[in-house]
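Each remark here refers to the structure printed beneath this line.
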Amino acid sequence: MPPNDNRIDARDWSRLAVLSILWGGSFFFNGAALRELPPLTLVFLRVALGAAILLPLLRMQGISLPKGMTGWKPFVAIGLLNNVIPFSLIVIGQTFIPSGLASILNATTPLFAVMVMAAAREEALQMRRVAGVALGLLGVIILRGWGIETRAEQGLGILLCLGGALSYGFAALAARRLLKDSPPLGTATFQLMASTVMMAIVAGAVEQPWHLPMPGLTTWLAVLGLAALSTALAYIVFFQILRRSGATNVMLVTLLIPVTAILLGWLVLGEPISVREIAGAVVIGSALLVIDGRILKLLWRTM
């Protein structure tokens, strides 16, 4: 269960870093796959393949499927709020705005999570955490650059991505209330199975993917990366952090995603890092220290 003081231990900080890499890749995979696939079909393939990858692991661990409608209700709710709504809104939003701006808007997730959890009286509204999240969002904007264009569709894309971030905030609340005793592997698999059924209906009704031409190899590789890394593996890590450190803390990953994306570009692709990006990363790091609170308490004691 999460600690009462909302702090994150070293193990979960490392898991947040891993999760930021896994989820950061989703923006790249989405951008590549959207060249040949419509957005709702892409979301369907993401959750369906993710569930298919996790099912054998579920059997190996001896975890049973939920029983009856009562057993499946929590996972339908989580699948809707954590997969179907945000994945669809963000992927559709990425057809109107660049991936960099989408990642900035995604970084508003912890702010929404803090507000939703406080409104539901699940967690106290600590001004230290609100200030830290706001500072982190400023760091993301500095690091990424605002990047707003003057196209008419830009506003719609921004609203869609913000809607996805808000849905993640409600997903954090639902997960805290409904999934206290569910193992991370089971939770990840069951929510993806429920999401697969919902997305099959939505994508089938709106886009009729069986009429689409067969995508190329590059698109299939992007879909596979999206399903295996950014969905199946990522959600196992996500629910591990959720169970140990709490719903609001796990959403801090969205502040780390732009940092890890730039570091990977530097390490793997040899891309240069600008002074602006370094400044943004420093601001984000400072924000995470403020949110964690231990450094502030230590400084206060030494004064």
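Ordering of the structure tokens sets the chain letters (A, B, ...), residue numbers begin anew at 1 in every chain, and ligands are numbered from 1 in the order given.
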Check: Hey, what's within 8 Å of Leu105 (chain A) if we count only C-alpha atoms and toss same-chain stuff fewer than 4 positions away? As a ChimeraX atom specification, please?
Finding: /A:101,109,158,161-162,165
Next item on the list: Name the residues in contact with region 168-177 of chain A at a cut-off of 7 Å, using only C-alpha atoms, excluding same-chain residues fewer than 4 positions from it; report them as number ranges by chain.
Entry: A: 78, 81-82, 86, 109, 112-113, 116-117, 164, 247-248
File dump, residues just selected, C-alpha atoms, as a PDB file, in the first residue's frame:
```pdb
ATOM      1  CA  ILE A  78     -10.194   1.150 -15.533  1.00  0.00           C
ATOM      2  CA  LEU A  81     -10.639   5.609 -18.188  1.00  0.00           C
ATOM      3  CA  ASN A  82      -7.041   4.431 -18.549  1.00  0.00           C
ATOM      4  CA  PRO A  86      -7.181   8.699 -23.230  1.00  0.00           C
ATOM      5  CA  THR A 109      -1.710  14.569 -16.078  1.00  0.00           C
ATOM      6  CA  PHE A 112      -5.288  16.712 -13.009  1.00  0.00           C
ATOM      7  CA  ALA A 113      -4.586  13.698 -10.778  1.00  0.00           C
ATOM      8  CA  VAL A 116      -9.252  14.834  -8.877  1.00  0.00           C
ATOM      9  CA  MET A 117      -7.885  12.980  -5.848  1.00  0.00           C
ATOM     10  CA  GLY A 164      -6.891  12.426 -22.366  1.00  0.00           C
ATOM     11  CA  ALA A 247      -2.144   7.009  -7.663  1.00  0.00           C
ATOM     12  CA  THR A 248      -0.898  10.597  -7.782  1.00  0.00           C
TER      13      THR A 248
END
```
Check: Do you know which residues are at most 12 Å from Phe87 (chain A) counting only C-alpha atoms, after dropping those on the same chain fewer than 3 positions away, and could you put them as JSON, numbers by chain?
Finding: {"A": [23, 26, 27, 30, 39, 40, 41, 42, 43, 44, 45, 46, 47, 79, 80, 81, 82, 83, 84, 90, 91, 92, 93, 94, 102, 106, 160, 161, 162, 163, 164, 165, 166, 167, 168, 192, 195, 199, 226, 230, 231]}
Next item on the list: Would you please extract all helix (DSSP H, G or I) residues from region 14-211 of chain A, as assigned by DSSP on the backbone, and give them as a ChimeraX atom specification?
Entry: /A:14-33,39-60,68-93,99-106,109-119,127-144,154-178,184-206,209-211
Save the residues we just selected, C-alpha atoms, as a short mmCIF file (atom, residue, chain, number, x, y, z; two decimals), in the first residue's frame?
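Below is the file selection.cif, written as the result:
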```
data_model
loop_
_atom_site.label_atom_id
_atom_site.label_comp_id
_atom_site.auth_asym_id
_atom_site.auth_seq_id
_atom_site.Cartn_x
_atom_site.Cartn_y
_atom_site.Cartn_z
CA SER A 14 13.83 3.96 -10.80
CA ARG A 15 10.58 2.36 -11.97
CA LEU A 16 9.22 5.78 -12.89
CA ALA A 17 12.33 6.35 -15.02
CA VAL A 18 11.80 3.01 -16.80
CA LEU A 19 8.11 3.76 -17.30
CA SER A 20 8.94 7.19 -18.76
CA ILE A 21 11.07 5.48 -21.41
CA LEU A 22 8.37 2.93 -22.23
CA TRP A 23 5.57 5.51 -22.44
CA GLY A 24 7.76 8.11 -24.10
CA GLY A 25 8.18 5.70 -26.99
CA SER A 26 4.42 5.66 -27.54
CA PHE A 27 4.50 9.14 -29.11
CA PHE A 28 7.11 7.94 -31.60
CA PHE A 29 5.27 4.69 -32.33
CA ASN A 30 1.96 6.54 -32.73
CA GLY A 31 3.50 9.01 -35.15
CA ALA A 32 4.93 6.22 -37.30
CA ALA A 33 1.79 4.05 -37.30
CA PRO A 39 -6.40 6.40 -34.94
CA LEU A 40 -9.14 4.18 -33.44
CA THR A 41 -7.89 1.13 -35.32
CA LEU A 42 -4.40 1.82 -33.98
CA VAL A 43 -5.74 1.98 -30.42
CA PHE A 44 -7.59 -1.31 -30.94
CA LEU A 45 -4.44 -3.03 -32.19
CA ARG A 46 -2.45 -1.56 -29.30
CA VAL A 47 -4.71 -2.95 -26.56
CA ALA A 48 -5.52 -6.23 -28.34
CA LEU A 49 -1.89 -7.15 -28.99
CA GLY A 50 -0.92 -5.95 -25.52
CA ALA A 51 -3.50 -8.28 -23.96
CA ALA A 52 -2.37 -11.17 -26.19
CA ILE A 53 1.23 -10.68 -25.07
CA LEU A 54 0.30 -10.70 -21.37
CA LEU A 55 -2.14 -13.65 -21.40
CA PRO A 56 0.57 -16.38 -21.47
CA LEU A 57 2.33 -14.68 -18.54
CA LEU A 58 -0.97 -14.67 -16.69
CA ARG A 59 -1.30 -18.43 -17.12
CA MET A 60 2.31 -19.00 -16.09
CA GLY A 68 -18.84 -12.91 -13.72
CA MET A 69 -19.88 -9.35 -14.44
CA THR A 70 -19.14 -8.29 -10.86
CA GLY A 71 -15.54 -9.43 -11.16
CA TRP A 72 -15.04 -7.67 -14.49
CA LYS A 73 -16.67 -4.32 -13.57
CA PRO A 74 -13.55 -2.73 -12.03
CA PHE A 75 -11.41 -3.64 -15.04
CA VAL A 76 -14.01 -2.33 -17.49
CA ALA A 77 -13.99 0.98 -15.60
CA ILE A 78 -10.19 1.15 -15.53
CA GLY A 79 -9.95 0.08 -19.17
CA LEU A 80 -12.36 2.84 -20.19
CA LEU A 81 -10.64 5.61 -18.19
CA ASN A 82 -7.04 4.43 -18.55
CA ASN A 83 -7.02 3.08 -22.12
CA VAL A 84 -10.06 3.62 -24.33
CA ILE A 85 -10.74 7.31 -23.65
CA PRO A 86 -7.18 8.70 -23.23
CA PHE A 87 -5.55 6.56 -25.94
CA SER A 88 -8.26 7.52 -28.43
CA LEU A 89 -8.24 11.23 -27.57
CA ILE A 90 -4.44 11.52 -27.59
CA VAL A 91 -3.96 9.56 -30.83
CA ILE A 92 -6.67 11.59 -32.59
CA GLY A 93 -5.11 14.74 -31.13
CA SER A 99 4.23 14.88 -30.96
CA GLY A 100 6.30 17.38 -28.96
CA LEU A 101 3.25 19.47 -28.09
CA ALA A 102 1.25 16.30 -27.34
CA SER A 103 3.90 15.26 -24.80
CA ILE A 104 3.71 18.70 -23.13
CA LEU A 105 -0.06 18.42 -22.80
CA ASN A 106 0.33 14.87 -21.50
CA THR A 109 -1.71 14.57 -16.08
CA PRO A 110 -0.28 14.78 -12.52
CA LEU A 111 -1.91 18.19 -12.06
CA PHE A 112 -5.29 16.71 -13.01
CA ALA A 113 -4.59 13.70 -10.78
CA VAL A 114 -3.82 15.91 -7.77
CA MET A 115 -7.04 17.89 -8.30
CA VAL A 116 -9.25 14.83 -8.88
CA MET A 117 -7.89 12.98 -5.85
CA ALA A 118 -8.34 16.06 -3.65
CA ALA A 119 -11.90 16.70 -4.92
CA MET A 127 0.26 23.02 -1.85
CA ARG A 128 3.80 21.63 -2.00
CA ARG A 129 2.65 18.99 -4.49
CA VAL A 130 0.54 21.43 -6.54
CA ALA A 131 3.48 23.86 -6.73
CA GLY A 132 5.85 21.04 -7.64
CA VAL A 133 3.61 19.76 -10.44
CA ALA A 134 3.14 23.30 -11.81
CA LEU A 135 6.92 23.82 -11.70
CA GLY A 136 7.42 20.50 -13.48
CA LEU A 137 4.98 21.50 -16.21
CA LEU A 138 6.91 24.75 -16.67
CA GLY A 139 10.08 22.68 -16.99
CA VAL A 140 8.48 20.53 -19.69
CA ILE A 141 7.47 23.64 -21.62
CA ILE A 142 11.02 25.04 -21.35
CA LEU A 143 12.55 21.72 -22.36
CA ARG A 144 10.25 21.00 -25.28
CA GLN A 154 -4.43 23.16 -33.42
CA GLY A 155 -7.00 24.10 -30.78
CA LEU A 156 -8.96 20.89 -31.30
CA GLY A 157 -5.81 18.79 -30.97
CA ILE A 158 -4.90 20.57 -27.73
CA LEU A 159 -8.37 20.01 -26.25
CA LEU A 160 -8.32 16.33 -27.18
CA CYS A 161 -4.93 15.77 -25.53
CA LEU A 162 -6.01 17.67 -22.41
CA GLY A 163 -9.13 15.48 -22.31
CA GLY A 164 -6.89 12.43 -22.37
CA ALA A 165 -4.82 13.80 -19.47
CA LEU A 166 -7.99 14.48 -17.47
CA SER A 167 -9.17 10.92 -18.10
CA TYR A 168 -5.89 9.62 -16.67
CA GLY A 169 -6.62 11.66 -13.53
CA PHE A 170 -9.99 9.93 -13.09
CA ALA A 171 -8.32 6.59 -13.85
CA ALA A 172 -5.98 7.21 -10.90
CA LEU A 173 -8.99 7.71 -8.63
CA ALA A 174 -10.76 4.60 -9.93
CA ALA A 175 -7.62 2.49 -9.59
CA ARG A 176 -7.13 3.60 -5.99
CA ARG A 177 -10.70 2.68 -5.06
CA LEU A 178 -11.22 -0.47 -7.11
CA PRO A 184 -0.13 -5.77 -11.14
CA LEU A 185 0.11 -8.42 -13.88
CA GLY A 186 -3.55 -9.34 -13.50
CA THR A 187 -4.67 -5.72 -13.46
CA ALA A 188 -2.66 -4.88 -16.58
CA THR A 189 -4.00 -7.91 -18.47
CA PHE A 190 -7.65 -7.64 -17.43
CA GLN A 191 -7.94 -3.92 -18.21
CA LEU A 192 -6.42 -4.51 -21.66
CA MET A 193 -8.82 -7.40 -22.31
CA ALA A 194 -11.78 -5.21 -21.38
CA SER A 195 -10.39 -2.36 -23.49
CA THR A 196 -10.00 -4.71 -26.47
CA VAL A 197 -13.72 -5.50 -26.46
CA MET A 198 -14.68 -1.83 -26.17
CA MET A 199 -12.26 -0.69 -28.88
CA ALA A 200 -13.35 -3.49 -31.23
CA ILE A 201 -16.87 -2.07 -31.08
CA VAL A 202 -15.80 1.58 -31.42
CA ALA A 203 -13.20 1.07 -34.19
CA GLY A 204 -15.49 -1.35 -36.05
CA ALA A 205 -18.41 1.08 -36.01
CA VAL A 206 -16.42 4.23 -36.90
CA PRO A 209 -10.76 -1.54 -40.34
CA TRP A 210 -11.46 -4.71 -42.36
CA HIS A 211 -11.81 -2.45 -45.43
#
```
Next item on the list: Find, counting only C-alpha atoms, the residue in A:Glu277, A:Phe238, A:Val282, A:Asn249 that gets nearest to Glu123 (chain A).
Entry: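 That would be A:Asn249, the residue with the smallest distance to Glu123 (chain A).
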